[in-house]
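**Q** Once you've had a glance at the structure underneath, I'll fire off some questions.
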Amino acid sequence: QTERDRREAEPALAEAIALATALPGLSVEGGDVVRLPRAHPGHLFGTGKLAELKDRFHESEIELVLIDGPVSPVQQRNLETAWKLKVLDRTGLILEIFSDRARTREGVLQVEMAALSYQRTRLVRAWTHLERQRGGLGFVGGPGETQIEADRRAIDEQVTRHRKQLDKVVKTRALHRAARAKVPFPVVALVGYTNAGKSTLFNRLTGAEVMAEDMLFATLDPTMRAVDLDTGTRVILSDTVGFISNLPTQLVAAFRATLEEVLAADLIVHVRDISHAETEEQAADVAAILAELGVSDDVPMLEIWNKSDLLDAEAREVAERLAGRREGILTLSALRGDGMEALVSAITAELDEARSRKTLVLP
Ligand code: GDP
């Protein structure tokens with residue numbers, strides 16, 4: 001493994017560690033980059049690496065190993081047997097975090113559905129593997145097959161029940177939204193990557209004491225709050241679920257409905273961590289997700305370059321100059337409160353402008 005490999009993998013490792021820290025109760029010992037030119041189908045790592053890692057884990061009394069990537073059910077089980085500890089892959093970890101953070105009924109149902117479908121694939125493949133081990137190929141109709149079928153059916157029934165409940169919740173949510181539409185307060189939605197500072201900004205704007213820990217996913221479910229801005233404008237502020245890089249595809253669909261709240265927004269405030277090494281990639285991801293959700297270009301948007309306090313003086317000056325030159329971009333430190341006044345004025349101005357545009361179209 002070259003030094004370059006390691007350097008290139010550093011941001012991904014840091015992100016994975018931050019992700020692990022988001023799960024309460026875990027004390028994260030750190031992480032390591034393992035180069036895998038070829039994943040072993042049975043146990044992911046080669047035999048030598050497997051033994052080396054086992055020694056290291058046992059020396060430091062590790063109880064849980066998180067692998068930041070896909071691990072097949074077979075690999076997971078083999079690794080757990082070989083190392084005698086628990087192994088979780090990226091999807092499993094994100095599911096754990098989501099389930100820990102889900103606050104609304106809708107959020108809980110969505111997480112459970114995603115977990116069920118994850119479990120379903122694990123189940124089927126795990127059984128297939130067992131069958132093969134027993135030389136049970138072509139054993140169709142045997143006890144193993146019956147058991148798989150029964151387990152699958154049980155999960156499918158649970159999924160169906162969940163889906164029905166979810167439909168009901170989504171309908172209620174739509175009714176709430178319709179009711180809100182009658183209230184003459186515009187909705188301002190905060191969007192952005194996890195850890196960009198949405199909760200911190202939300203709290204600053206609302207003065208509320210809701211969750212701004214140094215944790216990813218402090219906001220799984222959209223939080224809505226009516227706020228009177230210093231300019232006298234009353235808005236409904238909505239803090240949406242944070243985006244995360246490489247969100248496993250099976251989870252993307254599950255959390256779509258949570259994000260759909262953004263579609264009802266009168267103004268979108270995109271919060272960016274401008275100090276993050278991959279801030280440009282993250283911004284592009286956010287734009288792509290919004291487009292995919294069907295957010296129209298007509299919805300006014302403000303872009304916040306947050307965490308400006310983390311830039312050195314020179315970089316901050318460049319950022320401020322760049323932001324100043326472009327419409328709708330503001331530098332900010334949600335943590336220290338720098339730039340809040342400008343933000344509140346910008347929100348008010350955007351909403352006023354949108355309102356006057358609307359009045360022109362629909363007199
Ligand atoms: P969210 O996931 O987007 O809701 O992000 P949070 O609001 O939870 O913030 C994530 C972390 O970044 C927390 O530790 C915050 O204290 C920190 N943070 C947020 N805004 C700023 C900022 O302007 N400057 C600095 N230095 N840290 C910030």
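Identifiers for the structure tokens are assigned positionally: chains receive A, B, ... in sequence, residues are indexed from 1 per chain, and ligands are indexed from 1 in the order shown.
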I'd like the neighbourhood of A:Asp32 as a list in words, where a residue qualifies if any of its atoms comes within 10 Å (using only C-alpha atoms), though same-chain residues fewer than 6 positions away should be ignored.
**A**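 Near A:Asp32, the qualifying residues are Arg6, Ala9, Glu10, Leu13, Ala14, Ile17 and Ile67 of chain A.
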**Q** Output C-alpha atoms of each residue in that selection to a file, as a PDB file, in the first residue's frame.
**A**
ATOM      1  CA  ARG A   6      -3.523   6.190   1.975  1.00  0.00           C
ATOM      2  CA  ALA A   9      -8.440   7.422   1.141  1.00  0.00           C
ATOM      3  CA  GLU A  10      -8.102   9.799   4.111  1.00  0.00           C
ATOM      4  CA  LEU A  13     -11.938   7.324   6.253  1.00  0.00           C
ATOM      5  CA  ALA A  14     -12.613  10.541   8.163  1.00  0.00           C
ATOM      6  CA  ILE A  17     -15.345   7.609  11.370  1.00  0.00           C
ATOM      7  CA  ILE A  67     -16.524  -2.006   7.161  1.00  0.00           C
TER       8      ILE A  67
END
**Q** Neighbours of A:Ser99 within 9 Å (only C-alpha atoms; same-chain residues fewer than 6 positions away dropped), as a VMD selection string?
**A** chain A and resid 107 to 108 111 to 112 115
**Q** In terms of the shortest atom-to-atom distance over only C-alpha atoms, which of A:Met113, A:Ile329, A:Val286, A:Ile155 is closest to A:Leu343?
**A** A:Ile329
**Q** Which residues, written as a list in words, have at least one atom at most 10 Å from stretch 36-52 of chain A, with only C-alpha atoms counted and residues fewer than 4 positions away on the same chain left out?
**A**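 That gives Gln1, Arg56, Phe57, Pro70, Val71, Ser72, Pro73, Val74, Gln75, Gln76, Arg77, Asn78, Leu79, Glu80, Ala82 and Trp83 of chain A.
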**Q** Hey, can you check how far atom 19 (C, counted along the ligand's line) of ligand 1 sits from atom CA of A:Glu292?
**A**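 Between atom 19 (C, counted along the ligand's line) of ligand 1 and atom CA of A:Glu292 the gap works out to 26.7 Å.
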